[in-house]
Number of protein chains: 2
Amino acid sequence: MKSGYHHGDLRAALLEAGLTLLAERTADALSLREVARAVGVSATAVYRHFPDKAALMHALAQEGLRRLAEAQRAAAAAAGGGAAGFSATGRAYVRFALANPALFRLIFASPGAPTMAQGGPHDAATFLHDNAAAQLPPGADERAVGIVALQAWSLVHGLAMLMLDGQIEAEDALIDRVLPPEPQ
Amino acid sequence: MKSGYHHGDLRAALLEAGLTLLAERTADALSLREVARAVGVSATAVYRHFPDKAALMHALAQEGLRRLAEAQRAAAAAAGGGAAGFSATGRAYVRFALANPALFRLIFASPGAPTMAQGGPHDAATFLHDNAAAQLPPGADERAVGIVALQAWSLVHGLAMLMLDGQIEAEDALIDRVLPPEPQ
């Protein structure tokens, strides 16, 4: 058993271990005990940070949302921003889902997970909103921004879920065809 | 116990009972025994039609797909066909999901469920394809039709899943705002 983690370090290590385990199994199949074992600490040490499994899942979902927003931000920058950047964030969303299926489902399809709509300074929600606003003429009203954001989110979320659920082939090239880099 | 069902009638009655039970609980929580009880026959009588739970779920998903296609067809006809009709089928898809959450999840998000992509004369898949083709100039190539169909499907599937999973409010008026009746 390792020991001597600083408080913040252990929390970060537990999240990292949780994310690693989510690469191999679903969130349902994950236990606090297993995460403790992966980090080499006792279950009691884990409880100090996450009193129950729901608390750990909530933190993993938040960290997942943060990484998703980061991936989208990087894709937008690489595409040079603007309309091309907005479209690139959509492709990055679907690719993130395919690369991290259990984490993606935990973020968006778990009862009790934090929702992007629940308000608060959600990185991913803010990013989606600002991106949508940038596609509209300056001064567009909030309602119009919200609709553009929801249309874009629905499109990429639907494509991701249909691929994750095996309804259509999870083929990388198909992402570019359905969400073309160039505006049509 | 009722008895004396004709073969085809019992199958239909079992499906109907399964669909009714899916209005109250998820597919996971449904058992063959319970469906048998709802119809008033023995589990043995059920096994003649559905050897295991997976077989019943498969049949329920197929029946669900058929009803979904029917709802979309009715919506398209009521909207007068054309572009307005295509858009109406999208709104009907999301409304079907909200009205039948467990059935919708069974159709599209269950391992082992029949997929629209698996080929075969799937009513809903054919309907989606033909509708997409009708939005393009006559003689458009199959690849272009496939992309339009996938974009439309992704959009409505994503909106449905985000609403079912509580990411955005499952509000009827929001469906019309995200999928407007009039082309924008």
# chains A, B, ... in the order shown; residues from 1 in each chain; ligands from 1

$ interface_residues --of "chain B" --to "chain A" --cutoff "7 Å" --atoms "only C-alpha atoms" --output "list in words"
Phe108, Ala109, Thr115, Met116, Ala117, Ile147, Leu150, Gln151, Ser154, Leu155, Val156, His157, Gly158, Leu159, Asp165, Gln167, Ile168, Arg177 and Val178 of chain B

$ select_by_dssp --residues "chain B" --states "helix (DSSP H, G or I)" --output "NGL selection string"
:B and (7-22 or 32-39 or 43-49 or 53-78 or 82-99 or 101-109 or 116-118 or 123-135 or 142-164 or 172-178)

$ write_last_selection --atoms "C-alpha atoms" --output "compact mmCIF listing (two decimals), in the first residue's frame"
# COMPACT_ATOMS: atom_id res chain seq x y z
CA HIS B 7 -51.56 -18.79 -31.81
CA GLY B 8 -51.28 -15.39 -33.52
CA ASP B 9 -53.68 -13.77 -31.08
CA LEU B 10 -51.64 -14.79 -28.06
CA ARG B 11 -48.46 -13.42 -29.62
CA ALA B 12 -50.22 -10.10 -30.30
CA ALA B 13 -51.67 -10.06 -26.78
CA LEU B 14 -48.23 -10.70 -25.27
CA LEU B 15 -46.71 -7.85 -27.27
CA GLU B 16 -49.54 -5.54 -26.29
CA ALA B 17 -49.07 -6.46 -22.62
CA GLY B 18 -45.32 -5.93 -22.95
CA LEU B 19 -45.85 -2.48 -24.43
CA THR B 20 -48.30 -1.60 -21.66
CA LEU B 21 -45.82 -2.71 -19.01
CA LEU B 22 -43.08 -0.66 -20.72
CA LEU B 32 -41.50 -12.86 -19.23
CA ARG B 33 -43.37 -14.11 -16.17
CA GLU B 34 -44.91 -10.70 -15.63
CA VAL B 35 -46.03 -10.44 -19.24
CA ALA B 36 -47.57 -13.91 -18.94
CA ARG B 37 -49.42 -12.85 -15.80
CA ALA B 38 -50.72 -9.68 -17.46
CA VAL B 39 -52.23 -11.74 -20.27
CA ALA B 43 -45.10 -18.94 -18.55
CA THR B 44 -44.99 -22.14 -20.62
CA ALA B 45 -47.51 -20.70 -23.06
CA VAL B 46 -45.29 -17.64 -23.45
CA TYR B 47 -42.19 -19.74 -24.16
CA ARG B 48 -43.91 -21.12 -27.26
CA HIS B 49 -43.74 -17.62 -28.76
CA LYS B 53 -36.61 -12.54 -22.54
CA ALA B 54 -34.29 -11.41 -25.33
CA ALA B 55 -36.71 -12.78 -27.93
CA LEU B 56 -39.61 -10.86 -26.40
CA MET B 57 -37.52 -7.66 -26.18
CA HIS B 58 -36.52 -8.05 -29.81
CA ALA B 59 -40.13 -8.39 -30.87
CA LEU B 60 -41.16 -5.42 -28.71
CA ALA B 61 -38.41 -3.30 -30.26
CA GLN B 62 -39.56 -4.27 -33.75
CA GLU B 63 -43.15 -3.44 -32.90
CA GLY B 64 -41.95 -0.15 -31.40
CA LEU B 65 -40.06 0.72 -34.59
CA ARG B 66 -43.18 -0.05 -36.58
CA ARG B 67 -45.28 2.27 -34.41
CA LEU B 68 -42.64 4.97 -34.55
CA ALA B 69 -42.64 4.83 -38.36
CA GLU B 70 -46.44 4.92 -38.30
CA ALA B 71 -46.42 8.03 -36.09
CA GLN B 72 -43.93 9.72 -38.41
CA ARG B 73 -45.92 8.78 -41.49
CA ALA B 74 -49.07 10.24 -39.97
CA ALA B 75 -47.24 13.44 -39.02
CA ALA B 76 -45.79 13.82 -42.52
CA ALA B 77 -49.21 13.36 -44.09
CA ALA B 78 -50.83 15.84 -41.69
CA GLY B 82 -42.59 17.83 -48.74
CA ALA B 83 -40.11 19.76 -46.61
CA ALA B 84 -42.82 20.54 -44.03
CA GLY B 85 -43.62 16.84 -43.87
CA PHE B 86 -39.97 15.86 -43.38
CA SER B 87 -39.64 18.35 -40.56
CA ALA B 88 -42.91 17.05 -39.04
CA THR B 89 -41.50 13.50 -38.98
CA GLY B 90 -38.61 14.80 -36.89
CA ARG B 91 -40.89 16.37 -34.32
CA ALA B 92 -42.99 13.19 -34.27
CA TYR B 93 -39.82 11.17 -33.54
CA VAL B 94 -38.99 13.26 -30.48
CA ARG B 95 -42.60 13.26 -29.25
CA PHE B 96 -42.73 9.47 -29.61
CA ALA B 97 -39.58 9.23 -27.47
CA LEU B 98 -41.05 11.43 -24.73
CA ALA B 99 -44.36 9.57 -24.78
CA PRO B 101 -39.32 6.52 -22.99
CA ALA B 102 -38.73 2.87 -22.06
CA LEU B 103 -39.83 1.63 -25.48
CA PHE B 104 -37.70 4.26 -27.22
CA ARG B 105 -34.64 3.22 -25.21
CA LEU B 106 -35.40 -0.42 -25.94
CA ILE B 107 -35.53 0.32 -29.66
CA PHE B 108 -32.38 2.36 -29.92
CA ALA B 109 -30.20 1.81 -26.91
CA MET B 116 -32.10 0.30 -38.26
CA ALA B 117 -28.71 -0.06 -39.91
CA GLN B 118 -28.76 -3.86 -39.94
CA ASP B 123 -40.05 0.13 -42.06
CA ALA B 124 -38.53 3.02 -40.16
CA ALA B 125 -35.22 2.89 -42.04
CA THR B 126 -36.96 2.79 -45.42
CA PHE B 127 -39.17 5.66 -44.36
CA LEU B 128 -36.19 7.75 -43.24
CA HIS B 129 -34.32 7.02 -46.47
CA ASP B 130 -37.25 7.83 -48.74
CA ASN B 131 -37.97 11.02 -46.86
CA ALA B 132 -34.35 12.13 -47.11
CA ALA B 133 -34.28 11.32 -50.82
CA ALA B 134 -37.37 13.45 -51.34
CA GLN B 135 -35.55 16.48 -49.90
CA GLU B 142 -27.25 7.35 -52.63
CA ARG B 143 -24.34 8.67 -50.61
CA ALA B 144 -25.85 12.16 -50.47
CA VAL B 145 -29.21 10.69 -49.49
CA GLY B 146 -27.53 8.69 -46.72
CA ILE B 147 -25.86 11.81 -45.33
CA VAL B 148 -29.06 13.86 -45.28
CA ALA B 149 -30.85 10.95 -43.61
CA LEU B 150 -28.11 10.60 -40.97
CA GLN B 151 -28.03 14.33 -40.25
CA ALA B 152 -31.79 14.42 -39.77
CA TRP B 153 -31.78 11.25 -37.65
CA SER B 154 -28.88 12.46 -35.50
CA LEU B 155 -30.57 15.80 -34.84
CA VAL B 156 -33.86 14.33 -33.65
CA HIS B 157 -32.23 11.41 -31.84
CA GLY B 158 -29.92 13.76 -29.97
CA LEU B 159 -32.77 16.05 -28.94
CA ALA B 160 -34.79 13.04 -27.78
CA MET B 161 -31.92 11.57 -25.75
CA LEU B 162 -30.96 14.90 -24.15
CA MET B 163 -34.59 15.33 -23.07
CA LEU B 164 -34.99 11.72 -21.87
CA ASP B 172 -43.14 20.05 -25.76
CA ALA B 173 -42.84 23.65 -27.00
CA LEU B 174 -39.05 23.32 -27.05
CA ILE B 175 -39.36 20.59 -29.70
CA ASP B 176 -41.00 23.09 -32.06
CA ARG B 177 -38.35 25.70 -31.33
CA VAL B 178 -35.41 23.36 -31.99

$ atom_distance --atom1 "atom CA of Gly80 of chain B" --atom2 "atom CA of Leu136 of chain B"
17.3 Å

$ atom_distance --atom1 "atom CA of Pro137 of chain A" --atom2 "atom CA of Pro181 of chain A"
21.0 Å
